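S.K.: You'll find upload.json just under this line, and it carries JSON, C-alpha atoms.
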```json
[["chain", "number", "residue", "atom", "x", "y", "z"],
["B", 1, "MET", "CA", 45.76, -4.24, -1.17],
["B", 2, "ASN", "CA", 45.86, -0.54, -2.02],
["B", 3, "GLU", "CA", 42.52, 0.32, -3.62],
["B", 4, "ALA", "CA", 43.89, 3.70, -4.74],
["B", 5, "ALA", "CA", 46.00, 1.96, -7.38],
["B", 6, "PRO", "CA", 44.74, 1.61, -10.97],
["B", 7, "ALA", "CA", 42.33, -1.33, -11.21],
["B", 8, "ILE", "CA", 44.62, -3.50, -13.29],
["B", 9, "PHE", "CA", 47.25, -3.54, -10.54],
["B", 10, "VAL", "CA", 44.67, -4.22, -7.84],
["B", 11, "ALA", "CA", 43.47, -7.13, -9.98],
["B", 12, "LEU", "CA", 47.01, -8.38, -10.56],
["B", 13, "GLU", "CA", 47.81, -8.42, -6.85],
["B", 14, "GLY", "CA", 44.45, -10.02, -6.09],
["B", 15, "SER", "CA", 44.85, -12.71, -8.75],
["B", 16, "ALA", "CA", 45.40, -16.37, -7.98],
["B", 17, "LEU", "CA", 48.98, -15.95, -9.18],
["B", 18, "GLY", "CA", 49.59, -13.07, -6.78],
["B", 19, "ALA", "CA", 48.20, -15.08, -3.88],
["B", 20, "ALA", "CA", 50.23, -18.13, -4.86],
["B", 21, "ILE", "CA", 53.47, -16.11, -4.83],
["B", 22, "ARG", "CA", 52.68, -14.60, -1.41],
["B", 23, "GLN", "CA", 51.55, -17.85, 0.14],
["B", 24, "SER", "CA", 54.34, -20.05, -1.20],
["B", 25, "SER", "CA", 57.07, -20.55, 1.36],
["B", 26, "TRP", "CA", 59.81, -20.23, -1.29],
["B", 27, "ALA", "CA", 58.52, -18.38, -4.38],
["B", 28, "TYR", "CA", 58.98, -14.84, -3.11],
["B", 29, "MET", "CA", 62.35, -15.66, -1.59],
["B", 30, "ALA", "CA", 63.51, -17.42, -4.77],
["B", 31, "ALA", "CA", 62.46, -14.42, -6.85],
["B", 32, "ASN", "CA", 64.27, -12.09, -4.47],
["B", 33, "VAL", "CA", 67.50, -14.11, -4.63],
["B", 34, "GLY", "CA", 67.12, -14.64, -8.40],
["B", 35, "HIS", "CA", 66.66, -10.90, -8.91],
["B", 36, "ILE", "CA", 69.87, -9.98, -7.12],
["B", 37, "VAL", "CA", 71.86, -12.77, -8.82],
["B", 38, "SER", "CA", 70.55, -11.68, -12.23],
["B", 39, "LEU", "CA", 71.42, -8.09, -11.38],
["B", 40, "PHE", "CA", 74.95, -9.13, -10.44],
["B", 41, "VAL", "CA", 75.48, -10.90, -13.77],
["B", 42, "PHE", "CA", 73.78, -8.08, -15.68],
["B", 43, "ALA", "CA", 75.92, -5.42, -14.01],
["B", 44, "GLY", "CA", 79.14, -7.32, -14.67],
["B", 45, "ALA", "CA", 78.45, -7.80, -18.37],
["B", 46, "ILE", "CA", 77.08, -4.26, -18.79],
["B", 47, "ALA", "CA", 80.17, -2.83, -17.10],
["B", 48, "VAL", "CA", 82.51, -4.66, -19.49],
["B", 49, "MET", "CA", 80.50, -3.49, -22.50],
["B", 50, "ASP", "CA", 80.06, 0.10, -21.33],
["B", 51, "LEU", "CA", 83.64, 0.59, -20.20],
["B", 52, "ARG", "CA", 84.83, -0.69, -23.60],
["B", 53, "MET", "CA", 82.55, 1.80, -25.33],
["B", 54, "ALA", "CA", 83.84, 4.53, -23.04],
["B", 55, "GLY", "CA", 87.38, 3.75, -24.17],
["B", 56, "ALA", "CA", 88.71, 1.34, -21.55],
["B", 57, "PHE", "CA", 90.40, -2.00, -22.44],
["B", 58, "ALA", "CA", 91.53, -0.32, -25.66],
["B", 59, "ALA", "CA", 93.65, -3.30, -26.73],
["B", 60, "THR", "CA", 90.54, -5.45, -27.26],
["B", 61, "SER", "CA", 88.36, -5.51, -30.36],
["B", 62, "PRO", "CA", 85.24, -3.46, -29.55],
["B", 63, "GLY", "CA", 83.05, -5.52, -31.88],
["B", 64, "LYS", "CA", 84.01, -8.78, -30.17],
["B", 65, "VAL", "CA", 83.52, -7.37, -26.69],
["B", 66, "LEU", "CA", 80.07, -6.09, -27.67],
["B", 67, "HIS", "CA", 79.11, -9.39, -29.24],
["B", 68, "ASN", "CA", 80.18, -11.56, -26.31],
["B", 69, "ALA", "CA", 78.95, -9.32, -23.52],
["B", 70, "ARG", "CA", 75.58, -8.79, -25.19],
["B", 71, "ARG", "CA", 74.61, -12.46, -24.86],
["B", 72, "VAL", "CA", 75.22, -12.41, -21.14],
["B", 73, "VAL", "CA", 73.39, -9.09, -20.79],
["B", 74, "ILE", "CA", 70.33, -10.43, -22.60],
["B", 75, "LEU", "CA", 70.21, -13.62, -20.53],
["B", 76, "ALA", "CA", 70.58, -11.65, -17.30],
["B", 77, "LEU", "CA", 67.92, -9.18, -18.42],
["B", 78, "ILE", "CA", 65.48, -12.04, -19.00],
["B", 79, "GLY", "CA", 66.22, -13.23, -15.46],
["B", 80, "LEU", "CA", 65.71, -9.73, -14.09],
["B", 81, "VAL", "CA", 62.37, -9.29, -15.86],
["B", 82, "LEU", "CA", 61.01, -12.70, -14.80],
["B", 83, "THR", "CA", 62.03, -12.39, -11.15],
["B", 84, "GLY", "CA", 61.07, -8.70, -11.04],
["B", 85, "ALA", "CA", 57.63, -9.49, -12.44],
["B", 86, "THR", "CA", 57.19, -12.13, -9.73],
["B", 87, "LEU", "CA", 58.07, -9.69, -6.95],
["B", 88, "PHE", "CA", 55.87, -7.02, -8.51],
["B", 89, "THR", "CA", 52.84, -9.31, -8.89],
["B", 90, "ALA", "CA", 52.86, -10.16, -5.18],
["B", 91, "GLU", "CA", 52.49, -6.48, -4.21],
["B", 92, "ALA", "CA", 51.41, -4.79, -7.45],
["B", 93, "SER", "CA", 48.92, -2.29, -6.02],
["B", 94, "HIS", "CA", 51.40, -1.02, -3.45],
["B", 95, "VAL", "CA", 54.54, -1.05, -5.58],
["B", 96, "ILE", "CA", 53.01, 0.74, -8.55],
["B", 97, "LEU", "CA", 52.26, 3.76, -6.32],
["B", 98, "ASN", "CA", 55.77, 3.76, -4.82],
["B", 99, "PRO", "CA", 57.58, 6.92, -6.01],
["B", 100, "VAL", "CA", 60.97, 5.21, -6.12],
["B", 101, "PHE", "CA", 59.54, 2.37, -8.22],
["B", 102, "GLN", "CA", 58.02, 4.90, -10.62],
["B", 103, "PHE", "CA", 61.37, 6.66, -10.87],
["B", 104, "LYS", "CA", 63.03, 3.29, -11.46],
["B", 105, "LEU", "CA", 60.63, 2.55, -14.34],
["B", 106, "GLY", "CA", 61.55, 5.91, -15.88],
["B", 107, "LEU", "CA", 65.26, 5.09, -15.56],
["B", 108, "ILE", "CA", 64.71, 1.65, -17.13],
["B", 109, "ALA", "CA", 62.95, 3.36, -20.05],
["B", 110, "LEU", "CA", 65.92, 5.72, -20.37],
["B", 111, "GLY", "CA", 68.35, 2.78, -20.27],
["B", 112, "LEU", "CA", 66.41, 0.89, -22.96],
["B", 113, "LEU", "CA", 66.12, 4.03, -25.12],
["B", 114, "ASN", "CA", 69.90, 4.38, -24.85],
["B", 115, "VAL", "CA", 70.27, 0.76, -25.99],
["B", 116, "ALA", "CA", 67.98, 1.35, -28.99],
["B", 117, "LEU", "CA", 69.75, 4.54, -30.06],
["B", 118, "PHE", "CA", 73.14, 2.92, -29.60],
["B", 119, "GLU", "CA", 72.21, -0.18, -31.59],
["B", 120, "PHE", "CA", 70.69, 1.90, -34.38],
["B", 121, "PHE", "CA", 73.21, 4.72, -34.77],
["B", 122, "THR", "CA", 76.47, 3.90, -33.00],
["B", 123, "ALA", "CA", 77.01, 0.15, -32.92],
["B", 124, "PRO", "CA", 77.42, -0.14, -36.74],
["B", 125, "LYS", "CA", 80.32, 2.37, -36.56],
["B", 126, "VAL", "CA", 81.97, 0.59, -33.64],
["B", 127, "ARG", "CA", 81.77, -3.05, -34.70],
["B", 128, "ALA", "CA", 84.49, -2.97, -37.33],
["B", 129, "LEU", "CA", 86.91, -0.76, -35.38],
["B", 130, "PRO", "CA", 90.29, -2.37, -34.73],
["B", 131, "PRO", "CA", 91.83, -2.53, -31.26],
["B", 132, "LEU", "CA", 93.39, 0.72, -30.05],
["B", 133, "ALA", "CA", 91.24, 2.85, -32.41],
["B", 134, "PRO", "CA", 89.76, 5.88, -30.66],
["B", 135, "MET", "CA", 86.07, 5.40, -29.83],
["B", 136, "PRO", "CA", 83.54, 7.72, -31.47],
["B", 137, "ALA", "CA", 82.04, 10.33, -29.15],
["B", 138, "GLY", "CA", 78.62, 8.68, -29.47],
["B", 139, "ALA", "CA", 79.97, 5.38, -28.18],
["B", 140, "ARG", "CA", 81.65, 7.03, -25.21],
["B", 141, "ALA", "CA", 78.49, 8.93, -24.34],
["B", 142, "ALA", "CA", 76.29, 5.84, -24.67],
["B", 143, "GLY", "CA", 78.63, 3.77, -22.52],
["B", 144, "ILE", "CA", 78.79, 6.31, -19.73],
["B", 145, "LEU", "CA", 75.05, 7.04, -19.82],
["B", 146, "SER", "CA", 74.37, 3.29, -19.68],
["B", 147, "LEU", "CA", 76.63, 2.74, -16.66],
["B", 148, "VAL", "CA", 75.15, 5.63, -14.73],
["B", 149, "THR", "CA", 71.58, 4.69, -15.64],
["B", 150, "TRP", "CA", 71.79, 1.02, -14.67],
["B", 151, "VAL", "CA", 73.63, 1.72, -11.43],
["B", 152, "ALA", "CA", 70.87, 4.20, -10.57],
["B", 153, "VAL", "CA", 68.24, 1.58, -11.49],
["B", 154, "ALA", "CA", 69.86, -0.84, -9.04],
["B", 155, "ALA", "CA", 70.01, 1.77, -6.29],
["B", 156, "CYS", "CA", 66.32, 2.60, -6.83],
["B", 157, "GLY", "CA", 65.39, -1.07, -6.80],
["B", 158, "ARG", "CA", 66.93, -1.63, -3.40],
["B", 159, "SER", "CA", 65.37, 1.59, -2.11],
["B", 160, "ILE", "CA", 61.77, 0.66, -2.94],
["B", 161, "ALA", "CA", 61.39, -1.10, 0.40],
["B", 162, "TYR", "CA", 62.23, 2.05, 2.32],
["B", 163, "PHE", "CA", 59.80, 4.54, 0.79],
["H", 1, "MET", "CA", 88.99, 10.11, -17.64],
["H", 2, "GLN", "CA", 88.16, 6.39, -17.55],
["H", 3, "ARG", "CA", 89.37, 6.18, -14.00],
["H", 4, "ALA", "CA", 87.10, 9.10, -13.08],
["H", 5, "PHE", "CA", 84.09, 7.22, -14.38],
["H", 6, "ALA", "CA", 85.07, 4.06, -12.56],
["H", 7, "ILE", "CA", 85.26, 6.07, -9.34],
["H", 8, "LEU", "CA", 81.91, 7.71, -10.10],
["H", 9, "GLY", "CA", 80.38, 4.27, -10.58],
["H", 10, "ALA", "CA", 81.83, 2.99, -7.33],
["H", 11, "LEU", "CA", 80.52, 6.03, -5.47],
["H", 12, "LEU", "CA", 77.04, 5.55, -6.90],
["H", 13, "LEU", "CA", 77.08, 1.90, -5.85],
["H", 14, "ALA", "CA", 78.26, 2.80, -2.37],
["H", 15, "SER", "CA", 75.57, 5.47, -1.96],
["H", 16, "GLY", "CA", 72.97, 2.93, -3.07],
["H", 17, "ALA", "CA", 74.15, 0.54, -0.39],
["H", 18, "ALA", "CA", 74.03, 3.29, 2.22],
["H", 19, "VAL", "CA", 70.46, 4.24, 1.30],
["H", 20, "ALA", "CA", 69.40, 0.60, 1.43],
["H", 21, "HIS", "CA", 69.71, 0.44, 5.17],
["H", 22, "HIS", "CA", 67.19, -1.91, 6.71],
["H", 23, "GLY", "CA", 63.45, -2.25, 6.83],
["H", 24, "TRP", "CA", 63.00, -0.86, 10.32],
["H", 25, "GLY", "CA", 63.52, 2.81, 9.49],
["H", 26, "SER", "CA", 59.89, 3.85, 9.63],
["H", 27, "TYR", "CA", 59.29, 2.40, 13.09],
["H", 28, "ASP", "CA", 59.81, 4.25, 16.35],
["H", 29, "ALA", "CA", 62.53, 2.13, 17.95],
["H", 30, "ALA", "CA", 62.95, 4.68, 20.75],
["H", 31, "LYS", "CA", 59.57, 3.67, 22.19],
["H", 32, "PRO", "CA", 59.08, -0.08, 22.29],
["H", 33, "ILE", "CA", 55.51, -1.21, 22.87],
["H", 34, "THR", "CA", 53.84, -4.49, 23.63],
["H", 35, "VAL", "CA", 50.57, -5.37, 21.96],
["H", 36, "ALA", "CA", 48.85, -8.29, 23.63],
["H", 37, "GLY", "CA", 45.51, -9.87, 22.82],
["H", 38, "PRO", "CA", 43.59, -12.27, 20.61],
["H", 39, "ILE", "CA", 44.54, -12.65, 16.94],
["H", 40, "LEU", "CA", 41.60, -11.45, 14.81],
["H", 41, "THR", "CA", 43.07, -12.09, 11.37],
["H", 42, "SER", "CA", 46.24, -13.82, 10.24],
["H", 43, "LYS", "CA", 47.91, -13.55, 6.86],
["H", 44, "TYR", "CA", 50.77, -16.03, 6.59],
["H", 45, "GLU", "CA", 52.11, -14.39, 3.44],
["H", 46, "ASN", "CA", 55.25, -12.86, 1.92],
["H", 47, "PRO", "CA", 57.03, -10.52, 2.03],
["H", 48, "HIS", "CA", 55.91, -10.38, 5.70],
["H", 49, "ALA", "CA", 53.25, -12.21, 7.64],
["H", 50, "THR", "CA", 50.75, -9.82, 9.25],
["H", 51, "LEU", "CA", 48.22, -10.17, 12.04],
["H", 52, "THR", "CA", 45.49, -7.99, 13.38],
["H", 53, "VAL", "CA", 45.40, -8.14, 17.15],
["H", 54, "ARG", "CA", 42.85, -6.69, 19.55],
["H", 55, "GLY", "CA", 45.12, -4.87, 21.95],
["H", 56, "SER", "CA", 44.05, -3.23, 25.20],
["H", 57, "ASP", "CA", 43.68, 0.15, 23.48],
["H", 58, "LYS", "CA", 42.76, -0.65, 19.87],
["H", 59, "VAL", "CA", 43.09, -3.14, 17.03],
["H", 60, "TRP", "CA", 46.67, -3.22, 15.81],
["H", 61, "THR", "CA", 48.12, -4.46, 12.54],
["H", 62, "VAL", "CA", 51.20, -6.42, 13.61],
["H", 63, "THR", "CA", 53.86, -6.93, 10.95],
["H", 64, "LEU", "CA", 55.92, -10.07, 11.50],
["H", 65, "ALA", "CA", 58.68, -11.62, 9.34],
["H", 66, "PRO", "CA", 59.06, -13.41, 5.99],
["H", 67, "THR", "CA", 57.22, -16.73, 6.26],
["H", 68, "PHE", "CA", 60.32, -18.81, 5.46],
["H", 69, "ARG", "CA", 62.12, -17.31, 8.44],
["H", 70, "MET", "CA", 59.09, -17.80, 10.67],
["H", 71, "GLU", "CA", 58.83, -21.47, 9.66],
["H", 72, "ASN", "CA", 62.52, -21.91, 10.41],
["H", 73, "ARG", "CA", 62.08, -20.48, 13.88],
["H", 74, "GLY", "CA", 59.04, -22.56, 14.65],
["H", 75, "ALA", "CA", 56.45, -19.82, 14.26],
["H", 76, "LYS", "CA", 54.35, -21.94, 11.93],
["H", 77, "PRO", "CA", 50.92, -20.86, 10.61],
["H", 78, "GLU", "CA", 49.11, -22.64, 13.49],
["H", 79, "VAL", "CA", 51.17, -20.68, 16.04],
["H", 80, "VAL", "CA", 49.78, -17.38, 14.77],
["H", 81, "ALA", "CA", 46.31, -18.68, 13.84],
["H", 82, "VAL", "CA", 43.11, -16.71, 14.42],
["H", 83, "GLY", "CA", 41.93, -17.12, 18.02],
["H", 84, "LYS", "CA", 45.40, -17.56, 19.52],
["H", 85, "THR", "CA", 46.52, -15.03, 22.08],
["H", 86, "VAL", "CA", 49.73, -13.27, 21.16],
["H", 87, "SER", "CA", 52.01, -10.82, 22.88],
["H", 88, "ALA", "CA", 54.04, -8.80, 20.36],
["H", 89, "TYR", "CA", 56.98, -6.69, 21.48],
["H", 90, "GLY", "CA", 58.06, -4.12, 18.90],
["H", 91, "TYR", "CA", 57.71, -0.62, 17.59],
["H", 92, "ALA", "CA", 54.83, 1.48, 16.31],
["H", 93, "SER", "CA", 55.00, 2.67, 12.72],
["H", 94, "THR", "CA", 55.70, 6.34, 12.18],
["H", 95, "VAL", "CA", 53.92, 6.12, 8.81],
["H", 96, "GLU", "CA", 51.02, 3.64, 8.98],
["H", 97, "LYS", "CA", 48.31, 4.28, 11.52],
["H", 98, "ASP", "CA", 47.81, 1.50, 14.11],
["H", 99, "GLU", "CA", 50.60, -0.65, 12.64],
["H", 100, "MET", "CA", 53.53, -2.04, 14.60],
["H", 101, "ARG", "CA", 56.46, -4.25, 13.68],
["H", 102, "ALA", "CA", 57.26, -7.05, 16.06],
["H", 103, "GLU", "CA", 60.79, -7.70, 17.24],
["H", 104, "ARG", "CA", 59.54, -10.88, 18.90],
["H", 105, "ILE", "CA", 56.23, -12.53, 19.68],
["H", 106, "THR", "CA", 55.16, -14.82, 22.49],
["H", 107, "VAL", "CA", 52.42, -17.41, 22.02],
["H", 108, "ASP", "CA", 51.51, -20.09, 24.58],
["H", 109, "GLY", "CA", 54.57, -19.20, 26.67],
["H", 110, "LYS", "CA", 57.00, -19.64, 23.78],
["H", 111, "THR", "CA", 58.89, -16.69, 22.31],
["H", 112, "TYR", "CA", 59.80, -16.43, 18.63],
["H", 113, "GLU", "CA", 62.31, -13.88, 17.33],
["H", 114, "MET", "CA", 61.14, -12.10, 14.21],
["H", 115, "ARG", "CA", 64.31, -10.19, 13.34]]
```
Can the structure from this file be put into C-alpha cells for me?

M.R.:
Amino acid sequence: MNEAAPAIFVALEGSALGAAIRQSSWAYMAANVGHIVSLFVFAGAIAVMDLRMAGAFAATSPGKVLHNARRVVILALIGLVLTGATLFTAEASHVILNPVFQFKLGLIALGLLNVALFEFFTAPKVRALPPLAPMPAGARAAGILSLVTWVAVAACGRSIAYF
Amino acid sequence: MQRAFAILGALLLASGAAVAHHGWGSYDAAKPITVAGPILTSKYENPHATLTVRGSDKVWTVTLAPTFRMENRGAKPEVVAVGKTVSAYGYASTVEKDEMRAERITVDGKTYEMR
C-alpha cells in the first residue's frame, strides 16, 4: 500500500475486492491473460478500421469496414476495461502514481477524443463513400492518429511494470 | 505512404517489445546475496508473494513469485508461513530500500525456484 496516493486509490486497493483479487490463485492471472487477449483482438480490429480510413484496402466499402470492425472493437474494449480494472484494483495505490500509467491514461483520453471527433465530424462523410473513392483528409488523419495512439497505449501498458 | 505507416506501426510495436524486457531490471544481478532467517510476515498474494525476513544484518522484504507459479512448484502458503526459517538467494533492489528479489528459496532443506 502506498499511503502517498490519493485516499480513494488507497481505499480501492485496501478493499475486500482488492484483497480478493490478490489472494485468489487465478483472478490476477486470468485478468492478465484476458487483458492481453483483449488487446490482441482490439489491435487487430482497430488496425483494419484505421488502415481503411488512412486509404488502404481501397477496393472495400469504407462504411461496411467501419461498421463491421466497430463491433469487434467495442467488444474488445469492454474486455480491456474489465480486465484492466481488475489489475488496477489489486495495486491501485501503486499504479496510480506510476508515471507510465499516468501517461497511458493521457494517451487513452487522446484516443477516445479522436474517436469522438471522428464519429461526430468525419464518419458521416465516409460512410456513404463507394469503394476506390479517395478518403477525406480528416479520415486519413484520424486513422493514423488512432493507430499511433493505441500502439503507444499498448507499449505504455507493458512498460508499467518496469518503472 | 500507406506502407510507410505500416512500417512505422511495426517499429513502434517492436520498440514496445524491447522496452518490456523483464521484471528483474531494477535488481543488482551482479551481486547475488543470500538472506537467511525467520519469516516475520508472509503475504501470499499477487502479483508477487512477499515476505519479511529477519536477516543477519537487517529485516529484508523478500519478493518471491506469482502465487500460481509458487503453488505449481510446491512452495505453498504453509512453506513460507510466519515462523518458518527461509534462505533466499537473489538480488538486492537498486530502487527499494531493504528489498531483494529471490531467484530461489530454501525451506526445510527443500529448494524452490522462483524464476

S.K.: With 7 Å as the cut-off and only C-alpha atoms counted, what is the closest atom pair between each nearby residue of chain B and chain H? Distances in Å to one decimal, ordered by chain and number, as a Markdown table.

M.R.:
```
| residue | atom | partner | partner_atom | distance |
| --- | --- | --- | --- | --- |
| B:Arg22 | CA | H:Asn46 | CA | 4.6 |
| B:Gln23 | CA | H:Glu45 | CA | 4.8 |
| B:Ser25 | CA | H:Phe68 | CA | 5.5 |
| B:Trp26 | CA | H:Phe68 | CA | 6.9 |
| B:Tyr28 | CA | H:Asn46 | CA | 6.6 |
| B:Ala56 | CA | H:Gln2 | CA | 6.5 |
| B:Val148 | CA | H:Gly9 | CA | 6.8 |
| B:Val151 | CA | H:Leu13 | CA | 6.6 |
| B:Ala155 | CA | H:Gly16 | CA | 4.5 |
| B:Arg158 | CA | H:Ala20 | CA | 5.9 |
| B:Ser159 | CA | H:Ala20 | CA | 5.5 |
| B:Ala161 | CA | H:Gly23 | CA | 6.8 |
| B:Tyr162 | CA | H:Gly23 | CA | 6.3 |
```

S.K.: Using all atoms listed in the file, which residues sit within 12 Å of Asp57 in chain H once same-chain residues fewer than 5 positions away are excluded, as a list in words?

M.R.: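 That gives Ile33, Thr34, Val35, Ala36, Gly37 and Asp98 of chain H.
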
S.K.: Hey, can you check how far CA of Ser24 in chain B sits from CA of Phe42 in chain B?

M.R.: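 Distance between the two atoms: 27.0 Å.
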
S.K.: Just give me the gap between CA of Ala19 in chain B and CA of Glu78 in chain H in Å, one decimal is fine.

M.R.: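 About the pair CA of Ala19 in chain B and CA of Glu78 in chain H: they are 19.0 Å apart.
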
S.K.: With distances taken over only C-alpha atoms, which residue among B:Gly63, B:Pro136, B:Gly79, B:Gly157 lies nearest Phe103 in chain B?

M.R.: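 Under the stated criterion, the closest residue is B:Gly157.
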
S.K.: State, in Å with one decimal place, the distance from CA of Ala58 in chain B to CA of Gly111 in chain B.

M.R.: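 Going from CA of Ala58 in chain B over to CA of Gly111 in chain B, I get 24.0 Å.
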
S.K.: Which residue, H:Ser56, H:Thr50, H:Thr106, H:Thr61, has the smallest gap to Ala92 in chain H when you use only C-alpha atoms?

M.R.: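 Residue with the minimum atom-to-atom distance to Ala92 in chain H: H:Thr61.
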
S.K.: Residues near Lys84 in chain H, anyone? I mean within 10 Å using all atoms listed in the file, not counting same-chain ones fewer than 6 positions away, as a PyMOL selection string.

M.R.: chain H and resi 37-40+53+78+107-108

S.K.: Restrict the output to range 23-102 of chain B and C-alpha atoms, then write it as a compact mmCIF listing (two decimals), in the first residue's frame.

M.R.:
```txt
# COMPACT_ATOMS: atom_id res chain seq x y z
CA GLN B 23 -5.33 -13.58 -2.79
CA SER B 24 -7.11 -15.60 -5.46
CA SER B 25 -4.79 -18.08 -7.10
CA TRP B 26 -6.26 -17.38 -10.56
CA ALA B 27 -8.00 -13.98 -10.66
CA TYR B 28 -4.94 -11.83 -11.24
CA MET B 29 -3.52 -14.27 -13.77
CA ALA B 30 -6.86 -14.55 -15.59
CA ALA B 31 -7.11 -10.75 -15.77
CA ASN B 32 -3.56 -10.55 -17.07
CA VAL B 33 -4.19 -13.12 -19.80
CA GLY B 34 -7.62 -11.62 -20.58
CA HIS B 35 -6.07 -8.17 -20.91
CA ILE B 36 -3.51 -9.27 -23.48
CA VAL B 37 -6.05 -11.35 -25.43
CA SER B 38 -8.48 -8.40 -25.49
CA LEU B 39 -5.66 -6.14 -26.60
CA PHE B 40 -4.80 -8.53 -29.42
CA VAL B 41 -8.39 -8.54 -30.71
CA PHE B 42 -8.71 -4.78 -30.19
CA ALA B 43 -5.50 -4.07 -32.08
CA GLY B 44 -6.48 -6.30 -34.99
CA ALA B 45 -9.88 -4.70 -35.46
CA ILE B 46 -8.53 -1.17 -34.89
CA ALA B 47 -5.80 -1.76 -37.46
CA VAL B 48 -8.32 -2.84 -40.12
CA MET B 49 -10.50 0.20 -39.40
CA ASP B 50 -7.66 2.71 -39.18
CA LEU B 51 -5.80 1.47 -42.24
CA ARG B 52 -9.05 1.68 -44.24
CA MET B 53 -9.52 5.27 -43.07
CA ALA B 54 -5.91 6.01 -43.98
CA GLY B 55 -6.60 4.82 -47.52
CA ALA B 56 -5.55 1.17 -47.53
CA PHE B 57 -7.79 -1.66 -48.85
CA ALA B 58 -9.28 0.92 -51.21
CA ALA B 59 -11.39 -1.66 -53.06
CA THR B 60 -13.58 -2.21 -49.98
CA SER B 61 -16.55 -0.10 -48.93
CA PRO B 62 -15.35 2.16 -46.09
CA GLY B 63 -18.79 2.27 -44.47
CA LYS B 64 -19.00 -1.53 -44.29
CA VAL B 65 -15.48 -1.90 -42.93
CA LEU B 66 -16.22 0.69 -40.24
CA HIS B 67 -19.49 -0.97 -39.32
CA ASN B 68 -18.10 -4.48 -39.02
CA ALA B 69 -14.82 -3.62 -37.34
CA ARG B 70 -16.52 -1.34 -34.81
CA ARG B 71 -18.45 -4.21 -33.22
CA VAL B 72 -15.27 -6.15 -32.60
CA VAL B 73 -13.51 -3.04 -31.31
CA ILE B 74 -16.29 -2.31 -28.82
CA LEU B 75 -16.37 -5.89 -27.53
CA ALA B 76 -12.59 -5.95 -27.15
CA LEU B 77 -12.64 -2.56 -25.43
CA ILE B 78 -15.14 -3.88 -22.88
CA GLY B 79 -12.77 -6.78 -22.24
CA LEU B 80 -9.83 -4.41 -21.89
CA VAL B 81 -11.65 -2.17 -19.41
CA LEU B 82 -12.91 -5.06 -17.25
CA THR B 83 -9.58 -6.88 -17.08
CA GLY B 84 -7.64 -3.62 -16.74
CA ALA B 85 -9.86 -2.53 -13.85
CA THR B 86 -9.18 -5.87 -12.14
CA LEU B 87 -5.41 -5.48 -12.47
CA PHE B 88 -5.63 -1.86 -11.35
CA THR B 89 -7.76 -2.61 -8.28
CA ALA B 90 -5.20 -5.11 -6.96
CA GLU B 91 -2.46 -2.44 -6.89
CA ALA B 92 -4.37 0.83 -7.20
CA SER B 93 -2.29 2.97 -4.82
CA HIS B 94 0.96 2.00 -6.52
CA VAL B 95 -0.21 2.03 -10.12
CA ILE B 96 -1.93 5.42 -9.94
CA LEU B 97 1.40 7.04 -9.01
CA ASN B 98 3.28 5.24 -11.80
CA PRO B 99 4.38 7.85 -14.38
CA VAL B 100 3.99 5.45 -17.31
CA PHE B 101 0.45 4.57 -16.19
CA GLN B 102 -0.40 8.28 -15.95
```
